[in-house]
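K.L.:
What follows is the file protein36.cif, containing mmCIF, C-alpha atoms and all ligand atoms:
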```
data_protein
#
loop_
_atom_site.label_atom_id
_atom_site.label_comp_id
_atom_site.auth_asym_id
_atom_site.auth_seq_id
_atom_site.Cartn_x
_atom_site.Cartn_y
_atom_site.Cartn_z
CA MET P 1 3.03 -73.51 147.10
CA SER P 2 3.88 -75.65 144.09
CA GLU P 3 5.34 -74.17 140.89
CA THR P 4 2.21 -75.03 138.95
CA SER P 5 -1.36 -75.62 139.98
CA ASN P 6 -4.17 -77.79 138.69
CA LEU P 7 -4.87 -74.95 136.28
CA SER P 8 -2.02 -75.76 133.94
CA ARG P 9 -3.13 -79.39 134.00
CA GLY P 10 -6.72 -78.21 133.62
CA GLN P 11 -8.69 -80.16 131.09
CA HIS P 12 -10.83 -77.11 130.44
CA LEU P 13 -8.04 -75.66 128.31
CA ALA P 14 -8.79 -78.40 125.77
CA TRP P 15 -12.34 -77.07 125.33
CA PRO P 16 -13.11 -75.75 121.85
CA PHE P 17 -13.41 -72.19 123.19
CA PHE P 18 -9.62 -71.93 123.28
CA GLU P 19 -6.81 -71.67 120.79
CA LEU P 20 -3.23 -72.83 121.17
CA ARG P 21 -2.16 -69.33 122.28
CA HIS P 22 -4.54 -69.53 125.23
CA GLN P 23 -3.11 -72.86 126.36
CA GLU P 24 0.42 -71.47 126.03
CA LEU P 25 -0.57 -68.38 127.98
CA VAL P 26 -1.71 -70.38 131.01
CA ALA P 27 1.28 -72.73 130.78
CA GLU P 28 3.53 -69.66 131.13
CA LEU P 29 1.47 -67.57 133.56
CA ASP P 30 0.66 -70.28 136.09
CA PRO P 31 4.23 -70.99 137.22
CA TRP P 32 5.02 -67.25 137.01
CA ALA P 33 2.13 -66.51 139.38
CA ALA P 34 3.15 -69.28 141.76
CA ARG P 35 6.66 -67.78 141.95
CA ARG P 36 5.97 -64.05 141.81
CA VAL P 37 2.65 -63.22 143.37
CA ALA P 38 1.38 -66.02 145.59
CA HIS P 39 0.78 -64.72 149.08
CA ALA P 40 1.99 -61.27 148.10
CA HIS P 41 -0.10 -59.84 150.95
CA GLY P 42 1.67 -57.80 153.54
CA GLY P 43 0.80 -55.10 156.00
CA ASP P 44 0.83 -52.32 153.44
CA THR P 45 -1.84 -53.04 150.83
CA ASP P 46 -1.03 -49.91 148.80
CA ALA P 47 2.63 -50.87 148.48
CA THR P 48 1.72 -54.48 147.67
CA CYS P 49 -0.60 -53.37 144.87
CA ARG P 50 1.94 -50.92 143.45
CA GLY P 51 4.51 -53.73 143.44
CA LEU P 52 2.09 -56.15 141.77
CA VAL P 53 1.21 -53.65 139.01
CA ARG P 54 4.93 -53.10 138.40
CA ALA P 55 5.67 -56.84 138.27
CA LEU P 56 2.69 -57.57 136.00
CA GLY P 57 3.79 -54.73 133.73
CA GLU P 58 7.49 -55.58 133.65
CA ASP P 59 6.80 -59.18 132.73
CA GLY P 60 4.35 -58.28 129.98
CA TRP P 61 1.05 -59.52 131.43
CA LEU P 62 -0.60 -56.10 131.43
CA ARG P 63 -0.25 -55.96 127.66
CA TYR P 64 -3.36 -58.15 127.62
CA ALA P 65 -5.30 -55.50 129.60
CA VAL P 66 -5.13 -52.79 126.92
CA ALA P 67 -6.06 -52.71 123.25
CA GLY P 68 -3.83 -51.42 120.45
CA LEU P 69 -0.51 -52.77 119.21
CA GLU P 70 0.93 -49.29 118.85
CA HIS P 71 0.06 -48.42 122.46
CA GLY P 72 1.55 -51.36 124.33
CA GLY P 73 -1.27 -53.85 123.77
CA LEU P 74 -0.69 -57.33 122.35
CA THR P 75 -3.66 -57.11 120.04
CA ASP P 76 -5.83 -54.40 118.49
CA THR P 77 -8.94 -55.56 120.31
CA ILE P 78 -8.97 -57.01 123.79
CA ASP P 79 -8.70 -60.83 123.77
CA THR P 80 -11.50 -61.58 126.25
CA ARG P 81 -10.57 -65.22 126.63
CA ALA P 82 -6.97 -64.27 127.44
CA VAL P 83 -8.13 -61.66 129.98
CA CYS P 84 -10.39 -64.27 131.59
CA LEU P 85 -7.68 -66.93 131.72
CA ILE P 86 -5.27 -64.43 133.27
CA ARG P 87 -7.80 -63.44 135.92
CA GLU P 88 -8.67 -67.07 136.65
CA THR P 89 -5.00 -67.97 137.02
CA LEU P 90 -4.04 -64.95 139.12
CA ALA P 91 -7.11 -65.36 141.37
CA TYR P 92 -6.17 -69.00 141.91
CA HIS P 93 -2.86 -67.81 143.35
CA ASP P 94 -3.60 -64.41 144.86
CA GLY P 95 -6.60 -62.09 145.07
CA LEU P 96 -4.59 -58.89 145.03
CA ALA P 97 -2.70 -59.93 141.91
CA ASP P 98 -6.01 -60.53 140.17
CA PHE P 99 -7.30 -57.21 141.47
CA SER P 100 -4.21 -55.33 140.22
CA PHE P 101 -4.46 -56.85 136.75
CA ALA P 102 -8.24 -56.35 136.52
CA MET P 103 -8.15 -52.71 137.55
CA GLN P 104 -5.51 -51.84 134.95
CA GLY P 105 -7.96 -53.21 132.39
CA LEU P 106 -11.18 -51.78 133.82
CA GLY P 107 -9.58 -48.43 134.63
CA SER P 108 -8.17 -47.97 131.15
CA GLY P 109 -10.85 -49.90 129.24
CA ALA P 110 -12.81 -46.79 128.26
CA ILE P 111 -9.59 -45.27 126.85
CA SER P 112 -8.89 -48.46 124.86
CA LEU P 113 -12.44 -48.48 123.50
CA PHE P 114 -13.24 -44.77 123.06
CA GLY P 115 -10.00 -42.76 123.40
CA THR P 116 -8.63 -40.55 120.65
CA GLY P 117 -5.21 -41.44 119.26
CA GLU P 118 -3.67 -38.80 121.51
CA GLN P 119 -5.46 -40.04 124.65
CA ARG P 120 -4.53 -43.64 123.90
CA ALA P 121 -0.88 -42.70 123.31
CA ARG P 122 -0.77 -40.70 126.54
CA TYR P 123 -2.19 -43.35 128.90
CA LEU P 124 -2.18 -46.87 127.48
CA PRO P 125 1.58 -47.51 127.11
CA ARG P 126 2.12 -46.55 130.76
CA VAL P 127 -0.79 -48.74 131.88
CA ALA P 128 0.57 -51.69 129.88
CA ALA P 129 4.06 -51.21 131.31
CA GLY P 130 2.78 -51.01 134.89
CA GLN P 131 4.01 -47.42 135.18
CA ALA P 132 0.61 -45.78 135.65
CA ILE P 133 -2.20 -47.10 137.83
CA ALA P 134 -5.75 -46.83 136.50
CA ALA P 135 -9.16 -46.49 138.18
CA PHE P 136 -12.81 -46.49 137.09
CA ALA P 137 -15.07 -44.04 138.95
CA LEU P 138 -18.76 -44.67 138.31
CA SER P 139 -20.48 -45.39 141.66
CA GLU P 140 -21.72 -42.72 144.03
CA PRO P 141 -23.14 -42.82 147.56
CA GLU P 142 -26.69 -42.50 146.15
CA ALA P 143 -26.08 -44.18 142.79
CA GLY P 144 -24.74 -47.76 142.91
CA SER P 145 -27.01 -50.28 141.22
CA ASP P 146 -29.03 -47.35 139.88
CA VAL P 147 -26.13 -45.83 137.94
CA ALA P 148 -28.34 -43.42 136.00
CA ALA P 149 -29.19 -41.63 139.27
CA MET P 150 -25.66 -40.21 139.45
CA ALA P 151 -25.35 -36.62 140.68
CA CYS P 152 -21.63 -35.79 140.40
CA ALA P 153 -21.83 -32.98 137.86
CA ALA P 154 -19.65 -31.20 135.33
CA THR P 155 -20.41 -27.87 133.70
CA GLU P 156 -18.52 -26.48 130.71
CA ASP P 157 -16.46 -23.35 131.24
CA GLY P 158 -14.58 -22.46 128.04
CA SER P 159 -12.04 -25.17 127.31
CA HIS P 160 -12.66 -26.95 130.62
CA TYR P 161 -15.25 -28.98 132.47
CA VAL P 162 -15.71 -28.02 136.13
CA LEU P 163 -16.53 -31.04 138.34
CA ASN P 164 -18.38 -30.99 141.66
CA GLY P 165 -19.62 -33.97 143.67
CA SER P 166 -18.34 -37.33 144.86
CA LYS P 167 -17.67 -40.92 143.81
CA THR P 168 -17.40 -43.85 146.18
CA TRP P 169 -16.15 -47.45 146.33
CA ILE P 170 -13.44 -46.51 143.86
CA SER P 171 -10.90 -49.32 143.59
CA ASN P 172 -7.30 -48.04 143.41
CA GLY P 173 -8.63 -44.81 144.96
CA GLY P 174 -5.61 -43.25 146.65
CA ILE P 175 -2.95 -44.98 144.54
CA ALA P 176 -4.26 -44.38 141.01
CA ASP P 177 -2.44 -42.03 138.63
CA PHE P 178 -5.67 -41.30 136.78
CA TYR P 179 -9.41 -41.92 137.09
CA VAL P 180 -11.92 -42.44 134.31
CA VAL P 181 -14.81 -40.49 135.85
CA PHE P 182 -18.45 -40.49 134.76
CA VAL P 183 -20.25 -37.21 135.40
CA ARG P 184 -23.64 -35.69 134.79
CA THR P 185 -23.42 -33.11 132.02
CA GLY P 186 -27.16 -32.87 131.47
CA GLU P 187 -27.57 -33.16 127.68
CA ALA P 188 -30.71 -35.20 128.45
CA PRO P 189 -32.30 -36.66 131.59
CA GLY P 190 -31.06 -39.91 133.19
CA ALA P 191 -28.61 -42.15 131.37
CA ARG P 192 -28.43 -39.90 128.31
CA GLY P 193 -26.92 -36.96 130.18
CA ILE P 194 -23.65 -38.53 131.35
CA THR P 195 -20.14 -37.91 130.01
CA ALA P 196 -16.83 -39.78 130.57
CA LEU P 197 -13.64 -37.85 131.40
CA VAL P 198 -10.08 -38.89 132.23
CA VAL P 199 -8.97 -37.03 135.35
CA ASP P 200 -5.32 -37.11 136.39
CA ALA P 201 -4.93 -37.83 140.09
CA ASP P 202 -2.98 -34.63 140.73
CA THR P 203 -5.63 -32.33 139.23
CA PRO P 204 -6.41 -29.54 141.74
CA GLY P 205 -9.92 -29.93 143.17
CA LEU P 206 -9.78 -33.76 143.22
CA GLU P 207 -9.15 -35.19 146.64
CA ILE P 208 -9.34 -38.54 148.42
CA ALA P 209 -12.12 -37.80 150.92
CA GLU P 210 -11.95 -41.16 152.68
CA ARG P 211 -10.15 -44.49 152.47
CA ILE P 212 -12.47 -47.49 152.94
CA ASP P 213 -11.47 -50.76 154.65
CA VAL P 214 -13.17 -53.92 153.36
CA ILE P 215 -13.09 -57.61 154.35
CA ALA P 216 -10.53 -58.47 151.69
CA PRO P 217 -8.42 -55.29 151.76
CA HIS P 218 -7.51 -53.48 148.59
CA PRO P 219 -7.05 -49.77 147.88
CA LEU P 220 -10.57 -48.31 147.95
CA ALA P 221 -11.70 -44.72 148.43
CA ARG P 222 -14.33 -42.05 148.22
CA LEU P 223 -13.31 -39.20 145.93
CA ARG P 224 -14.43 -35.61 146.23
CA PHE P 225 -14.48 -33.10 143.35
CA ASP P 226 -14.64 -29.47 144.36
CA GLY P 227 -14.38 -27.06 141.44
CA CYS P 228 -12.03 -29.55 139.72
CA ARG P 229 -11.12 -28.20 136.26
CA VAL P 230 -10.54 -30.82 133.57
CA PRO P 231 -9.68 -29.89 129.96
CA VAL P 232 -12.41 -30.74 127.43
CA SER P 233 -9.69 -32.65 125.55
CA GLN P 234 -9.86 -35.25 128.36
CA ARG P 235 -13.38 -36.28 127.34
CA LEU P 236 -13.85 -39.88 126.14
CA GLY P 237 -16.41 -40.15 123.36
CA GLU P 238 -19.15 -37.62 122.78
CA PRO P 239 -20.89 -35.45 125.40
CA GLY P 240 -23.89 -37.35 126.82
CA GLN P 241 -22.47 -40.73 125.69
CA GLY P 242 -20.86 -41.60 129.03
CA PHE P 243 -23.39 -44.26 129.97
CA LYS P 244 -22.67 -46.07 126.72
CA VAL P 245 -18.92 -45.77 127.41
CA ALA P 246 -19.37 -47.22 130.92
CA MET P 247 -21.59 -50.10 129.79
CA ALA P 248 -19.31 -51.05 126.88
CA THR P 249 -16.34 -51.12 129.27
CA LEU P 250 -18.25 -53.22 131.80
CA ASP P 251 -19.36 -55.62 129.05
CA VAL P 252 -15.71 -56.60 128.51
CA PHE P 253 -14.79 -56.85 132.15
CA ARG P 254 -17.99 -58.29 133.67
CA THR P 255 -17.18 -61.66 132.09
CA SER P 256 -13.74 -61.45 133.64
CA VAL P 257 -15.28 -61.07 137.14
CA ALA P 258 -16.79 -64.51 136.51
CA ALA P 259 -13.32 -65.78 135.61
CA ALA P 260 -11.84 -64.42 138.84
CA ALA P 261 -14.60 -66.14 140.82
CA LEU P 262 -13.73 -69.32 138.96
CA GLY P 263 -10.09 -69.01 140.00
CA PHE P 264 -11.08 -68.64 143.65
CA ALA P 265 -13.49 -71.59 143.39
CA ARG P 266 -10.91 -73.84 141.70
CA ARG P 267 -8.43 -73.06 144.43
CA ALA P 268 -11.01 -73.87 147.12
CA LEU P 269 -11.80 -77.19 145.42
CA ASP P 270 -8.11 -78.11 145.27
CA GLU P 271 -7.66 -77.18 148.92
CA ALA P 272 -10.75 -79.22 149.85
CA LEU P 273 -9.52 -82.27 147.94
CA ALA P 274 -6.12 -82.08 149.63
CA ARG P 275 -7.74 -81.69 153.04
CA ALA P 276 -10.37 -84.40 152.57
CA THR P 277 -7.84 -86.98 151.43
CA SER P 278 -5.38 -86.26 154.26
CA ARG P 279 -7.56 -85.54 157.30
CA ARG P 280 -8.12 -88.70 159.35
CA MET P 281 -11.15 -89.25 161.54
CA PHE P 282 -13.19 -92.23 162.73
CA GLY P 283 -10.47 -94.57 161.43
CA GLN P 284 -10.55 -93.34 157.83
CA THR P 285 -10.10 -90.13 155.85
CA LEU P 286 -12.70 -87.41 155.48
CA ALA P 287 -12.84 -88.24 151.75
CA ASP P 288 -13.92 -91.82 152.52
CA PHE P 289 -17.31 -90.61 153.73
CA GLN P 290 -20.04 -90.51 151.11
CA LEU P 291 -21.30 -87.21 152.56
CA THR P 292 -17.93 -85.69 151.68
CA GLN P 293 -17.94 -87.29 148.24
CA ALA P 294 -21.38 -85.81 147.50
CA LYS P 295 -20.12 -82.37 148.50
CA LEU P 296 -16.97 -82.71 146.36
CA ALA P 297 -19.10 -83.83 143.40
CA GLU P 298 -21.36 -80.77 143.79
CA MET P 299 -18.35 -78.46 144.06
CA ALA P 300 -16.63 -79.86 140.96
CA THR P 301 -19.82 -79.80 138.90
CA GLY P 302 -20.50 -76.19 139.93
CA VAL P 303 -16.97 -75.18 138.95
CA ASP P 304 -17.32 -76.77 135.50
CA ALA P 305 -20.76 -75.23 134.92
CA ALA P 306 -19.40 -71.79 135.87
CA ALA P 307 -16.38 -72.30 133.60
CA LEU P 308 -18.58 -73.29 130.66
CA LEU P 309 -20.73 -70.16 131.02
CA THR P 310 -17.71 -67.92 131.53
CA TYR P 311 -15.78 -69.11 128.51
CA ARG P 312 -18.87 -69.27 126.33
CA ALA P 313 -19.38 -65.56 126.99
CA ALA P 314 -15.70 -64.75 126.40
CA TRP P 315 -15.56 -66.81 123.20
CA MET P 316 -18.76 -65.19 121.88
CA ARG P 317 -17.42 -61.71 122.56
CA ASP P 318 -14.14 -62.51 120.81
CA GLY P 319 -16.27 -63.59 117.85
CA GLY P 320 -17.91 -60.17 117.76
CA ALA P 321 -21.26 -61.12 119.34
CA ARG P 322 -23.28 -59.00 121.75
CA ILE P 323 -23.05 -60.82 125.08
CA THR P 324 -25.17 -58.81 127.50
CA LYS P 325 -27.21 -61.87 128.56
CA GLU P 326 -24.35 -64.37 128.44
CA ALA P 327 -22.00 -62.15 130.48
CA ALA P 328 -24.72 -61.64 133.10
CA MET P 329 -25.35 -65.42 133.28
CA ALA P 330 -21.63 -66.06 133.66
CA LYS P 331 -21.09 -63.38 136.30
CA MET P 332 -24.10 -64.44 138.36
CA THR P 333 -23.42 -68.18 138.18
CA ALA P 334 -19.67 -68.06 138.72
CA THR P 335 -19.77 -65.69 141.70
CA GLU P 336 -22.68 -67.45 143.43
CA THR P 337 -21.16 -70.89 142.77
CA ALA P 338 -17.75 -69.80 144.00
CA GLN P 339 -19.29 -68.56 147.24
CA ARG P 340 -20.90 -71.99 147.83
CA VAL P 341 -17.76 -73.93 146.82
CA ILE P 342 -15.57 -71.85 149.11
CA ASP P 343 -18.01 -72.16 152.00
CA ALA P 344 -18.02 -75.94 151.56
CA ALA P 345 -14.21 -75.96 151.58
CA VAL P 346 -14.12 -73.94 154.81
CA GLN P 347 -16.54 -76.46 156.34
CA MET P 348 -14.28 -79.40 155.40
CA PHE P 349 -11.35 -77.70 157.08
CA GLY P 350 -13.26 -77.55 160.37
CA GLY P 351 -11.78 -75.10 162.89
CA GLN P 352 -8.68 -74.68 160.77
CA GLY P 353 -10.90 -73.23 158.02
CA VAL P 354 -11.56 -70.04 159.93
CA VAL P 355 -8.00 -69.41 161.10
CA SER P 356 -6.64 -66.09 159.79
CA GLY P 357 -4.13 -66.69 157.03
CA GLU P 358 -5.47 -70.12 156.05
CA THR P 359 -6.02 -70.17 152.27
CA VAL P 360 -9.72 -71.09 152.48
CA GLU P 361 -10.28 -68.35 155.08
CA ARG P 362 -8.73 -65.82 152.69
CA LEU P 363 -10.85 -67.10 149.80
CA TYR P 364 -13.98 -66.80 151.97
CA ARG P 365 -13.26 -63.08 152.38
CA GLU P 366 -12.06 -62.54 148.79
CA ILE P 367 -15.18 -63.88 147.08
CA ARG P 368 -17.82 -61.86 148.89
CA ALA P 369 -17.56 -58.52 147.07
CA LEU P 370 -17.69 -60.15 143.63
CA ARG P 371 -21.40 -60.88 144.15
CA ILE P 372 -21.95 -57.14 144.64
CA TYR P 373 -19.68 -55.13 142.35
CA GLU P 374 -20.00 -54.64 138.59
CA GLY P 375 -23.72 -55.35 139.05
CA ALA P 376 -25.03 -57.30 142.05
CA THR P 377 -26.55 -60.75 141.43
CA GLU P 378 -30.05 -59.25 141.49
CA VAL P 379 -29.03 -56.77 138.78
CA GLN P 380 -27.71 -59.66 136.64
CA GLN P 381 -31.03 -61.47 137.11
CA LEU P 382 -32.88 -58.41 135.85
CA ILE P 383 -30.55 -58.11 132.85
CA ILE P 384 -31.05 -61.77 131.91
CA ALA P 385 -34.84 -61.53 132.26
CA ARG P 386 -34.97 -58.28 130.27
CA GLU P 387 -33.04 -59.88 127.42
CA LEU P 388 -35.28 -62.98 127.49
CA LEU P 389 -38.47 -60.93 127.50
CA ARG P 390 -37.20 -58.67 124.74
CA ALA P 391 -36.42 -61.70 122.59
CA ALA P 392 -39.82 -63.23 123.39
CA GLY P 393 -41.56 -59.99 122.45
CA ALA P 394 -39.67 -59.78 119.19
CA ALA P 395 -40.44 -63.39 118.25
C1 LIG P 401 -14.94 -54.02 146.91
C2 LIG P 401 -15.70 -53.12 145.98
C3 LIG P 401 -15.03 -52.51 144.92
C4 LIG P 401 -15.71 -51.64 144.07
N1 LIG P 401 -15.02 -50.98 143.07
C5 LIG P 401 -15.66 -50.07 142.31
C6 LIG P 401 -14.95 -49.29 141.34
O1 LIG P 401 -13.74 -49.47 141.13
N2 LIG P 401 -15.61 -48.34 140.62
C7 LIG P 401 -16.95 -48.11 140.82
O2 LIG P 401 -17.49 -47.23 140.15
N3 LIG P 401 -17.67 -48.83 141.73
C8 LIG P 401 -17.06 -49.79 142.48
N4 LIG P 401 -17.77 -50.51 143.43
C9 LIG P 401 -19.17 -50.20 143.64
C10 LIG P 401 -20.12 -51.29 143.22
O3 LIG P 401 -20.23 -51.37 141.83
C11 LIG P 401 -21.46 -51.03 143.94
O4 LIG P 401 -21.27 -51.31 145.31
C12 LIG P 401 -22.59 -51.85 143.37
O5 LIG P 401 -22.94 -51.41 142.08
C13 LIG P 401 -23.83 -51.81 144.27
O6 LIG P 401 -24.17 -50.49 144.56
P1 LIG P 401 -24.45 -50.06 146.08
O7 LIG P 401 -23.29 -50.49 146.92
O8 LIG P 401 -24.81 -48.63 146.09
O9 LIG P 401 -25.67 -50.94 146.52
P2 LIG P 401 -27.21 -50.63 146.21
O10 LIG P 401 -27.36 -50.09 144.85
O11 LIG P 401 -27.74 -49.88 147.36
O12 LIG P 401 -27.79 -52.11 146.23
C14 LIG P 401 -27.84 -52.86 147.46
C15 LIG P 401 -28.34 -54.24 147.15
O13 LIG P 401 -29.66 -54.17 146.66
C16 LIG P 401 -29.90 -55.28 145.83
N5 LIG P 401 -30.49 -54.79 144.58
C17 LIG P 401 -29.97 -53.91 143.69
N6 LIG P 401 -30.82 -53.68 142.69
C18 LIG P 401 -31.94 -54.43 142.96
C19 LIG P 401 -33.18 -54.61 142.31
N7 LIG P 401 -33.45 -53.99 141.16
N8 LIG P 401 -34.09 -55.46 142.87
C20 LIG P 401 -33.82 -56.09 144.03
N9 LIG P 401 -32.64 -55.96 144.68
C21 LIG P 401 -31.72 -55.13 144.17
C22 LIG P 401 -28.56 -55.99 145.60
O14 LIG P 401 -28.49 -57.14 146.41
C23 LIG P 401 -27.56 -54.97 146.07
O15 LIG P 401 -26.38 -55.57 146.57
C24 LIG P 401 -17.09 -51.40 144.27
C25 LIG P 401 -17.75 -52.07 145.32
C26 LIG P 401 -17.08 -52.90 146.16
C27 LIG P 401 -17.84 -53.56 147.29
#
```
Please go through the file and, once you have read it, give me the structure as structure tokens.
P.N.:
Amino acid sequence: MSETSNLSRGQHLAWPFFELRHQELVAELDPWAARRVAHAHGGDTDATCRGLVRALGEDGWLRYAVAGLEHGGLTDTIDTRAVCLIRETLAYHDGLADFSFAMQGLGSGAISLFGTGEQRARYLPRVAAGQAIAAFALSEPEAGSDVAAMACAATEDGSHYVLNGSKTWISNGGIADFYVVFVRTGEAPGARGITALVVDADTPGLEIAERIDVIAPHPLARLRFDGCRVPVSQRLGEPGQGFKVAMATLDVFRTSVAAAALGFARRALDEALARATSRRMFGQTLADFQLTQAKLAEMATGVDAAALLTYRAAWMRDGGARITKEAAMAKMTATETAQRVIDAAVQMFGGQGVVSGETVERLYREIRALRIYEGATEVQQLIIARELLRAAGAA
């Protein structure tokens, strides 16, 4: 592994979406990631992720994941372009490092956006320092894409909410210090009857019902709430506003999923270029064949198109725009493109491409879930179409 990758030489940093601080950020992070996190995988995924959160916190990178100068953040509002560049860079080097960074942001995002001063002071500095691990608990066994169908319920009992039900596919489940949990409180039917609460991991009545193994392992669990009492003071935002809290948090981080996909795709393209120019067959290199050149051209063009959509969305959000459509376009395009680019890289590696531990084999496993979580591709298509039709109707 070299000290720096193509990222720090990446011409895309000269695009007008970025400012000098963004270029400096990548110039510093890229060699750091090559040294500190590349191939950080080991047998114990929990321990690896705890170590990565600590390292990212100690060296200041998690300060980008939270908002608020007085609570450990680098800025008062999240710098979306910085978050995206960090995810792209970390994903280029190591999927778990990207995961650890992203979950600190997603898991604490609702606190950054909607927390009271007291809630922000209690959680955000520890998240930014890598001393507390965050998680975001929205999905349920019967409510994934259809979030508003959630059933995990909370009833008020004096100064507490009492939670009963379950959440599943919860990243960092089992190692998190706290969970931002979305529960049905019933102020109104559907999406208007949901409330967001911060639940500390050691709260009686919250248990890890099941750990879930996936193709690219990371801490993942099903949570069970059984008469779990959470002080009303742990509520984020107003009762019944939880759906809004969840969607606003996802709006920031959905664009960053596209950036992570971009990091995986860029790495696959670099691996493919190295392989194609060195592998000899039929008296020449693989790269000498026009069939290979056509594939490389498609891969590189897809990567640039995904990058343009990703950083357009991030730049627009940093400018204060509503980016529902643009974030969906970026997430859909970058994740689907990355899957195709990585598959093409595996193909160029031949048999070596499917050997466990080979970089392209790891990327092939890493990319798959990104087309499903934080809104599957089909959900992004519906969001884009809804926005288009709304605009057409309003015209
Ligand atoms: C690795 C991983 C990590 C995750 N981490 C978290 C987390 O930290 N917190 C959290 O709350 N959740 C998390 N999730 C859950 C994730 O957000 C859900 O898996 C996702 O929203 C899809 O829900 P589902 O699995 O129930 O699939 P379903 O809702 O059953 O959807 C199945 C498939 O149906 C298709 N589909 C969906 N809607 C439509 C439609 N309208 N029309 C046509 N086709 C459609 C899509 O292809 C979709 O993949 C994670 C998931 C994974 C895999």
K.L.:
Please write out the residues within 7 Å of ligand LIG 401 (chain P) as a list in words, counting only C-alpha atoms and all ligand atoms.
P.N.:
Ala135, Phe136, Ala137, Leu138, Ser139, Glu140, Pro141, Glu142, Ala143, Gly144, Ser145, Asp146, Thr168, Trp169, Ile170, Ser171, Asn172, Val214, Leu220, Ala369, Ile372, Tyr373, Glu374, Gly375, Ala376, Thr377, Glu378, Val379 and Leu382 of chain P
K.L.:
Smallest atom-to-atom distance to Gln241 of chain P: which of P:Arg192, P:Arg371, P:Arg54, P:Arg211, using all atoms listed in the file?
P.N.:
P:Arg192
K.L.:
Hey, which of P:Leu262, P:Val53, P:Ala314, P:Ile384 ends up closest to Arg340 of chain P? Count only C-alpha atoms.
P.N.:
P:Leu262
K.L.:
Find, counting all atoms listed in the file, the residue in P:Thr195, P:Ala265, P:Val257, P:Asn164 that gets nearest to Asp226 of chain P.
P.N.:
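Counting all atoms listed in the file, the residue closest to Asp226 of chain P is P:Asn164.
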K.L.:
Could I get the residues of segment 226-287 of chain P with an atom no further than 12 Å from an atom of segment 96-119 of chain P, each paired with its nearest atom pair and that distance in Å to one decimal, using all atoms listed in the file, sorted by chain and residue number, as a tab-separated table?
P.N.:
```
residue	atom	partner	partner_atom	distance
P:Val232	CA	P:Gln119	CA	11.9
P:Ser233	CA	P:Gln119	CA	8.6
P:Gln234	CA	P:Gln119	CA	7.5
P:Arg235	CA	P:Gly115	CA	8.3
P:Leu236	CA	P:Gly115	CA	5.5
P:Gly237	CA	P:Phe114	CA	5.6
P:Glu238	CA	P:Phe114	CA	9.3
P:Gln241	CA	P:Phe114	CA	10.4
P:Gly242	CA	P:Ala110	CA	9.6
P:Phe243	CA	P:Ala110	CA	11.0
P:Lys244	CA	P:Ala110	CA	10.0
P:Val245	CA	P:Ala110	CA	6.3
P:Ala246	CA	P:Ala110	CA	7.1
P:Met247	CA	P:Ala110	CA	9.5
P:Ala248	CA	P:Ala110	CA	7.9
P:Thr249	CA	P:Gly109	CA	5.6
P:Leu250	CA	P:Leu106	CA	7.5
P:Asp251	CA	P:Leu106	CA	10.2
P:Val252	CA	P:Gly109	CA	8.3
P:Phe253	CA	P:Leu106	CA	6.4
P:Arg254	CA	P:Leu106	CA	9.4
P:Thr255	CA	P:Ala102	CA	11.3
P:Ser256	CA	P:Ala102	CA	8.0
P:Val257	CA	P:Ala102	CA	8.5
P:Ala258	CA	P:Ala102	CA	11.8
P:Ala259	CA	P:Asp98	CA	10.1
P:Ala260	CA	P:Asp98	CA	7.1
P:Ala261	CA	P:Asp98	CA	10.3
P:Leu262	CA	P:Asp98	CA	11.8
P:Gly263	CA	P:Asp98	CA	9.4
P:Phe264	CA	P:Asp98	CA	10.2
```
K.L.:
Find the residue from P:Glu187, P:Glu19, P:Asp213, P:Asp46 that sits nearest to Ile175 of chain P; use only C-alpha atoms when measuring.
P.N.:
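Nearest to Ile175 of chain P: P:Asp46.
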K.L.:
Record the distance separating atom CA of Lys167 of chain P and atom CA of Arg184 of chain P, expressed in Å with one decimal.
P.N.:
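Those two atoms sit 12.0 Å apart.
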K.L.:
If I take atom CA of Phe225 of chain P and atom CA of Gln131 of chain P, how far is one from the other in Å, to one decimal?
P.N.:
24.8 Å
K.L.:
State, in Å with one decimal place, the distance from atom CA of Arg50 of chain P to atom CA of Ile78 of chain P.
P.N.:
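Distance reported for this atom pair: 23.3 Å.
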K.L.:
Excluding Gly68 of chain P and residues on its chain fewer than 5 positions from it, collect all residues at most 9 Å away from it, counting all atoms listed in the file, and give them as a list in words.
P.N.:
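My list of contacting residues is Gly73, Leu74, Thr75, Asp76, Thr77, Ile78, Ser112, Arg120 and Leu124 of chain P.
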K.L.:
Would you mind listing what lies within 12 Å of Val360 of chain P as a ChimeraX atom specification, with all atoms listed in the file counted and same-chain residues fewer than 5 positions away left out?
P.N.:
/P:92-94,264-272,274-275,338-339,341-355,365-367
K.L.:
Restricting the calculation to all atoms listed in the file, which member of P:Arg63, P:Lys331, P:Arg81, P:His218 is positioned closest to Leu13 of chain P?
P.N.:
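Closest to Leu13 of chain P of all the choices is P:Arg81.
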